[in-house]
$ cat final.cif   # mmCIF, C-alpha atoms and all ligand atoms
data_model
loop_
_atom_site.label_atom_id
_atom_site.label_comp_id
_atom_site.auth_asym_id
_atom_site.auth_seq_id
_atom_site.Cartn_x
_atom_site.Cartn_y
_atom_site.Cartn_z
CA MET A 13 7.55 -25.50 -9.72
CA PRO A 14 7.89 -24.28 -13.31
CA GLU A 15 10.40 -21.56 -14.09
CA LEU A 16 9.27 -17.96 -14.47
CA SER A 17 10.47 -15.34 -16.92
CA SER A 18 11.80 -12.23 -15.21
CA PHE A 19 8.69 -10.42 -16.48
CA GLN A 20 6.41 -12.95 -14.73
CA TYR A 21 8.52 -12.89 -11.57
CA ASN A 22 8.46 -9.10 -11.46
CA ILE A 23 4.69 -8.86 -11.97
CA VAL A 24 4.04 -11.17 -9.01
CA TYR A 25 6.76 -9.63 -6.84
CA ASN A 26 5.75 -6.02 -7.47
CA LEU A 27 2.04 -6.67 -7.12
CA MET A 28 2.57 -8.39 -3.76
CA SER A 29 4.77 -5.52 -2.64
CA LEU A 30 2.17 -2.97 -3.73
CA THR A 31 -0.42 -4.94 -1.78
CA VAL A 32 1.61 -4.69 1.44
CA ALA A 33 1.62 -0.90 1.03
CA GLY A 34 -2.03 -0.72 -0.05
CA MET A 35 -3.31 -2.80 2.85
CA GLY A 36 -1.22 -0.79 5.34
CA ALA A 37 -2.47 2.53 4.02
CA ALA A 38 -6.06 1.27 3.97
CA ALA A 39 -5.70 0.19 7.62
CA LEU A 40 -4.71 3.70 8.69
CA PHE A 41 -7.58 5.21 6.74
CA PHE A 42 -10.22 2.84 8.14
CA PHE A 43 -9.02 3.29 11.72
CA LEU A 44 -9.26 7.07 11.33
CA SER A 45 -12.52 6.89 9.28
CA PRO A 46 -13.01 10.65 9.00
CA GLY A 47 -16.57 11.97 9.06
CA VAL A 48 -18.20 8.76 10.28
CA ASP A 49 -20.64 8.73 13.22
CA ARG A 50 -19.72 6.70 16.30
CA LYS A 51 -22.55 4.27 15.60
CA PHE A 52 -20.77 3.04 12.47
CA LYS A 53 -17.21 3.10 13.81
CA PRO A 54 -17.27 -0.62 14.71
CA ALA A 55 -17.81 -1.56 11.05
CA LEU A 56 -14.84 0.61 10.06
CA VAL A 57 -12.66 -0.76 12.86
CA VAL A 58 -13.38 -4.27 11.54
CA SER A 59 -12.37 -3.08 8.04
CA GLY A 60 -9.13 -1.79 9.56
CA ILE A 61 -8.47 -5.11 11.28
CA VAL A 62 -9.12 -7.04 8.04
CA VAL A 63 -6.57 -5.04 6.05
CA SER A 64 -4.04 -5.07 8.93
CA ILE A 65 -4.16 -8.87 9.03
CA ALA A 66 -3.79 -8.93 5.24
CA CYS A 67 -0.85 -6.51 5.41
CA TYR A 68 1.00 -8.88 7.74
CA HIS A 69 0.18 -11.90 5.57
CA TYR A 70 1.36 -10.16 2.41
CA VAL A 71 4.72 -9.45 4.05
CA ARG A 72 4.99 -13.20 4.68
CA ILE A 73 3.61 -14.19 1.24
CA LEU A 74 6.09 -11.87 -0.48
CA GLY A 75 8.94 -13.28 1.63
CA SER A 76 7.91 -16.83 0.82
CA PHE A 77 7.67 -16.06 -2.91
CA GLU A 78 11.10 -14.41 -2.82
CA GLY A 79 12.59 -17.48 -1.15
CA SER A 80 11.02 -19.95 -3.55
CA TYR A 81 12.58 -18.54 -6.73
CA ALA A 82 16.08 -17.34 -7.60
CA SER A 83 17.42 -15.65 -10.69
CA SER A 84 19.47 -18.07 -12.74
CA GLY A 85 20.59 -15.39 -15.17
CA GLY A 86 19.42 -14.80 -18.72
CA GLY A 87 16.07 -13.38 -17.57
CA VAL A 88 14.91 -16.65 -16.00
CA TYR A 89 13.89 -17.45 -12.42
CA THR A 90 14.02 -21.06 -11.30
CA ALA A 91 12.57 -22.74 -8.23
CA THR A 92 15.03 -22.88 -5.32
CA GLY A 93 13.42 -26.00 -3.90
CA LYS A 94 12.05 -24.06 -0.95
CA PRO A 95 8.28 -24.42 -1.43
CA PHE A 96 6.04 -21.39 -1.74
CA ASN A 97 3.77 -21.39 1.29
CA ASP A 98 0.14 -21.29 0.12
CA PHE A 99 -1.09 -21.64 3.64
CA TYR A 100 -0.63 -17.93 4.44
CA ARG A 101 -3.47 -17.12 2.06
CA TYR A 102 -5.79 -19.73 3.55
CA ALA A 103 -4.98 -18.70 7.12
CA ASP A 104 -5.67 -15.11 6.11
CA TRP A 105 -9.01 -15.95 4.50
CA LEU A 106 -10.06 -18.07 7.45
CA ILE A 107 -9.81 -15.00 9.68
CA THR A 108 -10.74 -12.20 7.29
CA VAL A 109 -13.73 -13.65 5.44
CA PRO A 110 -15.92 -13.95 8.57
CA LEU A 111 -14.76 -10.43 9.55
CA LEU A 112 -15.81 -9.07 6.16
CA MET A 113 -19.24 -10.50 6.83
CA VAL A 114 -19.35 -8.86 10.25
CA GLU A 115 -18.55 -5.56 8.50
CA LEU A 116 -21.31 -5.96 5.99
CA VAL A 117 -23.93 -7.03 8.49
CA ALA A 118 -22.90 -4.24 10.93
CA VAL A 119 -23.34 -1.55 8.34
CA LEU A 120 -26.72 -2.89 7.31
CA ALA A 121 -27.84 -2.33 10.92
CA LEU A 122 -30.47 -5.07 10.72
CA ALA A 123 -32.47 -6.21 13.73
CA LYS A 124 -30.19 -7.94 16.30
CA ASP A 125 -31.75 -11.37 15.98
CA GLU A 126 -31.66 -11.32 12.22
CA SER A 127 -28.00 -10.20 12.19
CA ARG A 128 -26.89 -12.95 14.52
CA LYS A 129 -28.60 -15.73 12.56
CA LEU A 130 -27.32 -14.43 9.25
CA LEU A 131 -23.76 -14.09 10.55
CA THR A 132 -23.65 -17.58 12.01
CA ARG A 133 -24.82 -19.18 8.77
CA LEU A 134 -22.42 -17.15 6.66
CA ALA A 135 -19.41 -17.67 8.94
CA VAL A 136 -19.89 -21.45 9.09
CA ALA A 137 -20.25 -21.65 5.30
CA ALA A 138 -17.15 -19.47 4.80
CA ALA A 139 -15.03 -21.61 7.11
CA LEU A 140 -16.18 -24.72 5.24
CA MET A 141 -15.44 -23.15 1.86
CA ILE A 142 -11.87 -22.32 2.85
CA ALA A 143 -11.15 -25.54 4.70
CA LEU A 144 -12.44 -27.64 1.79
CA GLY A 145 -10.49 -25.58 -0.77
CA TYR A 146 -7.08 -25.97 0.86
CA PRO A 147 -6.38 -29.67 0.18
CA GLY A 148 -7.12 -29.00 -3.51
CA GLU A 149 -4.91 -25.91 -3.64
CA ALA A 150 -2.04 -27.79 -1.99
CA ALA A 151 -2.34 -30.49 -4.67
CA ILE A 152 -2.00 -28.04 -7.59
CA GLY A 153 1.22 -28.83 -9.43
CA THR A 154 1.61 -32.28 -7.88
CA GLY A 155 -0.05 -33.98 -10.84
CA ASN A 156 -2.87 -35.34 -8.68
CA ASP A 157 -5.79 -33.89 -10.65
CA THR A 158 -8.50 -35.86 -8.86
CA VAL A 159 -7.59 -34.25 -5.54
CA VAL A 160 -7.42 -30.79 -7.17
CA TRP A 161 -10.93 -31.03 -8.65
CA VAL A 162 -12.80 -33.01 -5.98
CA TRP A 163 -11.91 -30.43 -3.32
CA PHE A 164 -12.63 -27.62 -5.73
CA VAL A 165 -16.19 -28.88 -6.25
CA ALA A 166 -16.61 -29.45 -2.50
CA SER A 167 -15.54 -25.86 -1.81
CA MET A 168 -17.84 -24.49 -4.52
CA LEU A 169 -20.94 -25.72 -2.65
CA PRO A 170 -20.60 -23.45 0.40
CA PHE A 171 -19.35 -20.72 -1.96
CA LEU A 172 -22.58 -20.83 -3.98
CA TYR A 173 -24.62 -20.94 -0.78
CA ILE A 174 -22.88 -17.77 0.47
CA MET A 175 -23.39 -15.99 -2.85
CA ALA A 176 -27.10 -16.83 -2.91
CA THR A 177 -27.60 -15.80 0.74
CA LEU A 178 -25.73 -12.53 0.36
CA PHE A 179 -27.50 -11.70 -2.85
CA GLY A 180 -30.92 -12.34 -1.32
CA THR A 181 -30.20 -10.49 1.94
CA LEU A 182 -28.57 -7.51 0.29
CA THR A 183 -31.35 -7.18 -2.22
CA ARG A 184 -33.98 -7.26 0.53
CA ALA A 185 -31.97 -4.96 2.81
CA THR A 186 -31.57 -2.45 0.01
CA GLN A 187 -35.30 -1.91 -0.06
CA THR A 188 -35.55 -1.01 3.62
CA GLN A 189 -32.56 1.36 3.72
CA PRO A 190 -32.64 5.14 3.39
CA GLU A 191 -32.76 6.50 -0.14
CA ASN A 192 -29.20 7.90 -0.09
CA VAL A 193 -27.57 4.55 0.71
CA ARG A 194 -29.55 2.33 -1.66
CA SER A 195 -27.25 2.70 -4.63
CA LEU A 196 -24.21 2.22 -2.37
CA LEU A 197 -25.65 -1.04 -1.07
CA SER A 198 -26.18 -2.22 -4.64
CA LEU A 199 -22.54 -1.33 -5.22
CA ALA A 200 -21.52 -3.36 -2.15
CA ARG A 201 -23.49 -6.31 -3.53
CA LEU A 202 -21.78 -5.98 -6.90
CA VAL A 203 -18.31 -5.72 -5.33
CA VAL A 204 -18.90 -8.86 -3.25
CA ILE A 205 -20.22 -10.93 -6.16
CA VAL A 206 -17.52 -9.82 -8.61
CA THR A 207 -14.50 -9.92 -6.30
CA TRP A 208 -15.42 -13.21 -4.65
CA SER A 209 -15.90 -14.86 -8.03
CA PHE A 210 -12.30 -13.97 -8.84
CA TYR A 211 -11.01 -16.55 -6.34
CA PRO A 212 -12.43 -19.74 -7.86
CA ILE A 213 -11.59 -18.40 -11.33
CA ALA A 214 -7.95 -17.84 -10.30
CA TYR A 215 -7.92 -21.36 -8.83
CA VAL A 216 -9.18 -22.89 -12.08
CA ILE A 217 -6.71 -20.95 -14.24
CA GLY A 218 -3.87 -21.86 -11.86
CA ALA A 219 -4.86 -25.53 -11.75
CA LEU A 220 -5.17 -25.81 -15.54
CA GLY A 221 -1.83 -24.11 -16.09
CA ALA A 222 0.01 -25.58 -13.08
CA SER A 223 2.98 -26.72 -15.10
CA SER A 224 3.55 -23.39 -16.86
CA GLY A 225 5.01 -20.12 -15.66
CA THR A 226 1.93 -18.37 -17.02
CA GLY A 227 -0.42 -20.48 -14.88
CA ARG A 228 1.71 -19.93 -11.77
CA THR A 229 1.76 -16.18 -12.41
CA ALA A 230 -1.97 -16.01 -13.14
CA ILE A 231 -3.07 -17.67 -9.90
CA GLN A 232 -0.90 -15.35 -7.76
CA VAL A 233 -1.95 -12.22 -9.68
CA GLY A 234 -5.61 -13.31 -9.51
CA TYR A 235 -5.63 -13.94 -5.75
CA THR A 236 -3.69 -10.75 -5.03
CA LEU A 237 -5.96 -8.48 -7.10
CA ALA A 238 -9.00 -10.19 -5.62
CA ASP A 239 -7.67 -9.61 -2.09
CA LEU A 240 -6.99 -5.93 -2.76
CA THR A 241 -10.49 -5.31 -4.05
CA ALA A 242 -12.37 -7.67 -1.68
CA LYS A 243 -10.69 -6.18 1.42
CA ALA A 244 -9.54 -2.60 0.76
CA GLY A 245 -11.98 -1.85 -2.09
CA PHE A 246 -14.92 -3.34 -0.23
CA GLY A 247 -13.86 -1.47 2.92
CA LEU A 248 -14.07 1.78 0.97
CA VAL A 249 -17.63 0.96 -0.07
CA ILE A 250 -18.48 0.23 3.58
CA TYR A 251 -16.88 3.57 4.47
CA ALA A 252 -19.01 5.33 1.85
CA ILE A 253 -22.18 3.70 3.21
CA ALA A 254 -21.30 4.62 6.82
CA ARG A 255 -20.46 8.13 5.74
CA ALA A 256 -23.72 8.53 3.80
CA LYS A 257 -25.72 7.28 6.79
CA SER A 258 -23.73 9.58 9.10
CA THR A 259 -24.30 12.69 7.01
CA GLY A 260 -28.01 11.94 7.19
CA THR A 261 -27.95 11.92 10.98
CA GLU A 262 -25.73 14.96 11.27
CA ALA A 263 -27.94 16.96 8.92
CA THR A 264 -31.00 16.18 11.00
CA VAL A 265 -29.26 16.96 14.27
CA GLY A 266 -27.78 20.16 12.93
CA GLN A 267 -30.97 21.53 11.42
CA PRO A 268 -32.55 24.54 13.12
CA ARG A 269 -35.73 23.79 14.97
CA THR A 270 -38.80 24.90 13.18
CA ALA A 271 -41.21 24.83 16.08
C1 LIG B 301 -11.12 -21.41 -3.09
C2 LIG B 301 -10.89 -22.86 -3.52
C3 LIG B 301 -11.58 -23.21 -4.76
C4 LIG B 301 -13.04 -22.99 -4.70
C5 LIG B 301 -13.44 -21.71 -4.07
C6 LIG B 301 -12.54 -20.94 -3.37
C7 LIG B 301 -13.03 -19.64 -2.90
C8 LIG B 301 -12.40 -18.71 -2.20
C9 LIG B 301 -12.95 -17.44 -1.84
C10 LIG B 301 -12.20 -16.66 -1.04
C11 LIG B 301 -12.55 -15.37 -0.61
C12 LIG B 301 -11.70 -14.66 0.08
C13 LIG B 301 -11.92 -13.33 0.52
C14 LIG B 301 -10.94 -12.79 1.24
C15 LIG B 301 -10.97 -11.47 1.69
O1 LIG B 301 -10.54 -11.12 2.75
C16 LIG B 301 -10.86 -21.44 -1.60
C17 LIG B 301 -10.09 -20.54 -3.80
C18 LIG B 301 -14.87 -21.30 -4.24
C19 LIG B 301 -14.28 -17.02 -2.32
C20 LIG B 301 -13.15 -12.59 0.19
#

$ encode --input "final.cif" --output "structure tokens" --more "lines below"
Ligand code: RET
Amino acid sequence: MPELSSFQYNIVYNLMSLTVAGMGAAALFFFLSPGVDRKFKPALVVSGIVVSIACYHYVRILGSFEGSYASSGGGVYTATGKPFNDFYRYADWLITVPLLMVELVAVLALAKDESRKLLTRLAVAAALMIALGYPGEAAIGTGNDTVVWVWFVASMLPFLYIMATLFGTLTRATQTQPENVRSLLSLARLVVIVTWSFYPIAYVIGALGASSGTGRTAIQVGYTLADLTAKAGFGLVIYAIARAKSTGTEATVGQPRTA
């Protein structure tokens, strides 16, 4: 692994540390989910589980990063020879990506049959995307470019399928939802498309710059920021949707009878 300047090391270290705290705090918030009707609690509980799993993985990712580099003085960090374990990220995604989809589909409150079919297709594609991406990720920095790019392309296929499906479903669902949640659903769609696109971009930047400290820093910063927004940020949008739908119900229930 290439050496890192202390600036690069500190950016990665501090961002990972911040992510442990952010995911933990988000978990507490989603589990409490103030002001949300019982009907939508399951979606928020899933959000809480997603960020709890991520919190644990970031503790391990940070520990692994810490063990893989050591200060050699003069503002430089060199590899200790203990490899950085990329697998924590992939294990995390394998569990959390299908859960994020459960969250999204739960809050849409589509017909049961439709939800189940949609979820199955999305979950299978997500598992494929992650499983196909890992062999490429593990080859970054080994000099075996064919492996890096063949698996990247393979992983992009289910990725594009997921993007197209989510875009189509969310656009259609937006039209059948109550007025007050429409703009929030468009926001959810935007957050998914933007944050998910961060991952392959970080991969490409990391793969192209695998032999430089900048490339190594960029891929870690990219994945970490993407995780924060795709899990905690997206969870907040789900919370806002659930809350908006809840207020609607409460207002109706609480209104004085006119007849
Ligand atoms: C990989 C490998 C290269 C190609 C592609 C990838 C996509 C990863 C994605 C991950 C999303 C993770 C999320 C986690 C949140 O909990 C595997 C980097 C397309 C899209 C949303």

$ residues_near_ligand --input "final.cif" --ligand "ligand LIG 301 (chain B)" --cutoff "7 Å" --atoms "only C-alpha atoms and all ligand atoms" --output "count of residues only"
23

$ residues_around --input "final.cif" --residues "Phe210 (chain A)" --least-positions-apart "4" --cutoff "8 Å" --atoms "only C-alpha atoms" --output "ChimeraX atom specification"
/A:206,214,234-235,238

$ atom_distance --input "final.cif" --atom1 "CA of Gly86 (chain A)" --atom2 "CA of Tyr25 (chain A)"
18.1 Å

$ residues_around --input "final.cif" --residues "region 94-96 of chain A" --least-positions-apart "6" --cutoff "10 Å" --atoms "all atoms listed in the file" --output "ChimeraX atom specification"
/A:13,73-81

$ closest_residue --input "final.cif" --among "A:Val32, A:Ala39, A:Leu220, A:Leu16" --to "Gly153 (chain A)" --atoms "only C-alpha atoms"
A:Leu220

$ atom_distance --input "final.cif" --atom1 "CA of Leu56 (chain A)" --atom2 "CA of Asp98 (chain A)"
28.3 Å

$ decode --input "final.cif" --residues "region 99-111 of chain A" --atoms "all heavy atoms" --output "PDB file, in the first residue's frame"
ATOM      1  N   PHE A  99     -13.182  -6.223   3.399  1.00  0.00           N
ATOM      2  CA  PHE A  99     -14.364  -7.071   3.441  1.00  0.00           C
ATOM      3  C   PHE A  99     -15.440  -6.545   4.382  1.00  0.00           C
ATOM      4  O   PHE A  99     -16.627  -6.789   4.163  1.00  0.00           O
ATOM      5  CB  PHE A  99     -13.999  -8.520   3.786  1.00  0.00           C
ATOM      6  CG  PHE A  99     -15.138  -9.455   3.524  1.00  0.00           C
ATOM      7  CD1 PHE A  99     -15.479  -9.800   2.227  1.00  0.00           C
ATOM      8  CD2 PHE A  99     -15.904  -9.963   4.570  1.00  0.00           C
ATOM      9  CE1 PHE A  99     -16.562 -10.631   1.969  1.00  0.00           C
ATOM     10  CE2 PHE A  99     -16.990 -10.795   4.316  1.00  0.00           C
ATOM     11  CZ  PHE A  99     -17.318 -11.127   3.018  1.00  0.00           C
ATOM     12  N   TYR A 100     -15.040  -5.788   5.424  1.00  0.00           N
ATOM     13  CA  TYR A 100     -16.049  -5.223   6.330  1.00  0.00           C
ATOM     14  C   TYR A 100     -17.083  -4.416   5.562  1.00  0.00           C
ATOM     15  O   TYR A 100     -18.271  -4.468   5.855  1.00  0.00           O
ATOM     16  CB  TYR A 100     -15.394  -4.306   7.367  1.00  0.00           C
ATOM     17  CG  TYR A 100     -14.584  -5.025   8.411  1.00  0.00           C
ATOM     18  CD1 TYR A 100     -13.266  -4.644   8.666  1.00  0.00           C
ATOM     19  CD2 TYR A 100     -15.129  -6.061   9.159  1.00  0.00           C
ATOM     20  CE1 TYR A 100     -12.519  -5.284   9.644  1.00  0.00           C
ATOM     21  CE2 TYR A 100     -14.376  -6.704  10.125  1.00  0.00           C
ATOM     22  CZ  TYR A 100     -13.073  -6.313  10.362  1.00  0.00           C
ATOM     23  OH  TYR A 100     -12.337  -6.953  11.323  1.00  0.00           O
ATOM     24  N   ARG A 101     -16.611  -3.624   4.595  1.00  0.00           N
ATOM     25  CA  ARG A 101     -17.550  -2.803   3.822  1.00  0.00           C
ATOM     26  C   ARG A 101     -18.516  -3.677   3.034  1.00  0.00           C
ATOM     27  O   ARG A 101     -19.708  -3.434   3.004  1.00  0.00           O
ATOM     28  CB  ARG A 101     -16.801  -1.926   2.815  1.00  0.00           C
ATOM     29  CG  ARG A 101     -16.043  -0.782   3.435  1.00  0.00           C
ATOM     30  CD  ARG A 101     -15.692   0.256   2.385  1.00  0.00           C
ATOM     31  NE  ARG A 101     -14.865   1.305   2.950  1.00  0.00           N
ATOM     32  CZ  ARG A 101     -15.319   2.282   3.726  1.00  0.00           C
ATOM     33  NH1 ARG A 101     -16.590   2.339   4.029  1.00  0.00           N
ATOM     34  NH2 ARG A 101     -14.502   3.192   4.210  1.00  0.00           N
ATOM     35  N   TYR A 102     -17.972  -4.712   2.390  1.00  0.00           N
ATOM     36  CA  TYR A 102     -18.817  -5.561   1.543  1.00  0.00           C
ATOM     37  C   TYR A 102     -19.801  -6.372   2.384  1.00  0.00           C
ATOM     38  O   TYR A 102     -20.955  -6.558   1.993  1.00  0.00           O
ATOM     39  CB  TYR A 102     -17.944  -6.416   0.623  1.00  0.00           C
ATOM     40  CG  TYR A 102     -17.480  -5.596  -0.565  1.00  0.00           C
ATOM     41  CD1 TYR A 102     -16.472  -4.642  -0.427  1.00  0.00           C
ATOM     42  CD2 TYR A 102     -18.098  -5.709  -1.808  1.00  0.00           C
ATOM     43  CE1 TYR A 102     -16.082  -3.849  -1.484  1.00  0.00           C
ATOM     44  CE2 TYR A 102     -17.703  -4.916  -2.879  1.00  0.00           C
ATOM     45  CZ  TYR A 102     -16.692  -3.997  -2.719  1.00  0.00           C
ATOM     46  OH  TYR A 102     -16.327  -3.198  -3.774  1.00  0.00           O
ATOM     47  N   ALA A 103     -19.345  -6.833   3.546  1.00  0.00           N
ATOM     48  CA  ALA A 103     -20.247  -7.567   4.442  1.00  0.00           C
ATOM     49  C   ALA A 103     -21.364  -6.627   4.883  1.00  0.00           C
ATOM     50  O   ALA A 103     -22.543  -6.990   4.900  1.00  0.00           O
ATOM     51  CB  ALA A 103     -19.473  -8.088   5.647  1.00  0.00           C
ATOM     52  N   ASP A 104     -20.979  -5.400   5.194  1.00  0.00           N
ATOM     53  CA  ASP A 104     -21.962  -4.401   5.631  1.00  0.00           C
ATOM     54  C   ASP A 104     -22.995  -4.149   4.531  1.00  0.00           C
ATOM     55  O   ASP A 104     -24.195  -4.182   4.775  1.00  0.00           O
ATOM     56  CB  ASP A 104     -21.224  -3.107   5.982  1.00  0.00           C
ATOM     57  CG  ASP A 104     -22.168  -2.038   6.495  1.00  0.00           C
ATOM     58  OD1 ASP A 104     -22.449  -2.050   7.698  1.00  0.00           O
ATOM     59  OD2 ASP A 104     -22.643  -1.214   5.695  1.00  0.00           O
ATOM     60  N   TRP A 105     -22.526  -3.924   3.322  1.00  0.00           N
ATOM     61  CA  TRP A 105     -23.450  -3.637   2.211  1.00  0.00           C
ATOM     62  C   TRP A 105     -24.377  -4.816   1.928  1.00  0.00           C
ATOM     63  O   TRP A 105     -25.551  -4.635   1.629  1.00  0.00           O
ATOM     64  CB  TRP A 105     -22.667  -3.304   0.930  1.00  0.00           C
ATOM     65  CG  TRP A 105     -21.854  -2.048   1.036  1.00  0.00           C
ATOM     66  CD1 TRP A 105     -22.007  -1.044   1.954  1.00  0.00           C
ATOM     67  CD2 TRP A 105     -20.764  -1.655   0.193  1.00  0.00           C
ATOM     68  NE1 TRP A 105     -21.069  -0.065   1.729  1.00  0.00           N
ATOM     69  CE2 TRP A 105     -20.298  -0.406   0.667  1.00  0.00           C
ATOM     70  CE3 TRP A 105     -20.133  -2.242  -0.908  1.00  0.00           C
ATOM     71  CZ2 TRP A 105     -19.237   0.271   0.061  1.00  0.00           C
ATOM     72  CZ3 TRP A 105     -19.084  -1.568  -1.507  1.00  0.00           C
ATOM     73  CH2 TRP A 105     -18.640  -0.326  -1.029  1.00  0.00           C
ATOM     74  N   LEU A 106     -23.800  -6.015   2.045  1.00  0.00           N
ATOM     75  CA  LEU A 106     -24.598  -7.210   1.755  1.00  0.00           C
ATOM     76  C   LEU A 106     -25.825  -7.272   2.670  1.00  0.00           C
ATOM     77  O   LEU A 106     -26.892  -7.707   2.265  1.00  0.00           O
ATOM     78  CB  LEU A 106     -23.717  -8.447   1.957  1.00  0.00           C
ATOM     79  CG  LEU A 106     -24.021  -9.674   1.119  1.00  0.00           C
ATOM     80  CD1 LEU A 106     -24.129  -9.360  -0.360  1.00  0.00           C
ATOM     81  CD2 LEU A 106     -22.963 -10.743   1.333  1.00  0.00           C
ATOM     82  N   ILE A 107     -25.665  -6.823   3.911  1.00  0.00           N
ATOM     83  CA  ILE A 107     -26.799  -6.839   4.845  1.00  0.00           C
ATOM     84  C   ILE A 107     -27.640  -5.573   4.705  1.00  0.00           C
ATOM     85  O   ILE A 107     -28.861  -5.620   4.689  1.00  0.00           O
ATOM     86  CB  ILE A 107     -26.320  -6.950   6.312  1.00  0.00           C
ATOM     87  CG1 ILE A 107     -25.285  -8.057   6.470  1.00  0.00           C
ATOM     88  CG2 ILE A 107     -27.502  -7.177   7.250  1.00  0.00           C
ATOM     89  CD1 ILE A 107     -24.607  -8.046   7.830  1.00  0.00           C
ATOM     90  N   THR A 108     -26.966  -4.419   4.615  1.00  0.00           N
ATOM     91  CA  THR A 108     -27.720  -3.163   4.719  1.00  0.00           C
ATOM     92  C   THR A 108     -28.434  -2.739   3.433  1.00  0.00           C
ATOM     93  O   THR A 108     -29.472  -2.100   3.511  1.00  0.00           O
ATOM     94  CB  THR A 108     -26.827  -2.005   5.209  1.00  0.00           C
ATOM     95  OG1 THR A 108     -25.712  -1.868   4.330  1.00  0.00           O
ATOM     96  CG2 THR A 108     -26.343  -2.231   6.617  1.00  0.00           C
ATOM     97  N   VAL A 109     -27.885  -3.089   2.275  1.00  0.00           N
ATOM     98  CA  VAL A 109     -28.549  -2.632   1.046  1.00  0.00           C
ATOM     99  C   VAL A 109     -29.952  -3.236   0.904  1.00  0.00           C
ATOM    100  O   VAL A 109     -30.911  -2.493   0.676  1.00  0.00           O
ATOM    101  CB  VAL A 109     -27.668  -2.872  -0.202  1.00  0.00           C
ATOM    102  CG1 VAL A 109     -28.414  -2.548  -1.470  1.00  0.00           C
ATOM    103  CG2 VAL A 109     -26.410  -2.014  -0.117  1.00  0.00           C
ATOM    104  N   PRO A 110     -30.119  -4.564   1.088  1.00  0.00           N
ATOM    105  CA  PRO A 110     -31.494  -5.083   1.031  1.00  0.00           C
ATOM    106  C   PRO A 110     -32.395  -4.441   2.098  1.00  0.00           C
ATOM    107  O   PRO A 110     -33.561  -4.178   1.846  1.00  0.00           O
ATOM    108  CB  PRO A 110     -31.320  -6.583   1.284  1.00  0.00           C
ATOM    109  CG  PRO A 110     -29.922  -6.878   0.910  1.00  0.00           C
ATOM    110  CD  PRO A 110     -29.134  -5.644   1.211  1.00  0.00           C
ATOM    111  N   LEU A 111     -31.830  -4.146   3.285  1.00  0.00           N
ATOM    112  CA  LEU A 111     -32.636  -3.516   4.340  1.00  0.00           C
ATOM    113  C   LEU A 111     -33.077  -2.102   3.942  1.00  0.00           C
ATOM    114  O   LEU A 111     -34.195  -1.681   4.240  1.00  0.00           O
ATOM    115  CB  LEU A 111     -31.863  -3.471   5.658  1.00  0.00           C
ATOM    116  CG  LEU A 111     -31.687  -4.813   6.379  1.00  0.00           C
ATOM    117  CD1 LEU A 111     -30.825  -4.653   7.625  1.00  0.00           C
ATOM    118  CD2 LEU A 111     -33.041  -5.401   6.763  1.00  0.00           C
TER     119      LEU A 111
END
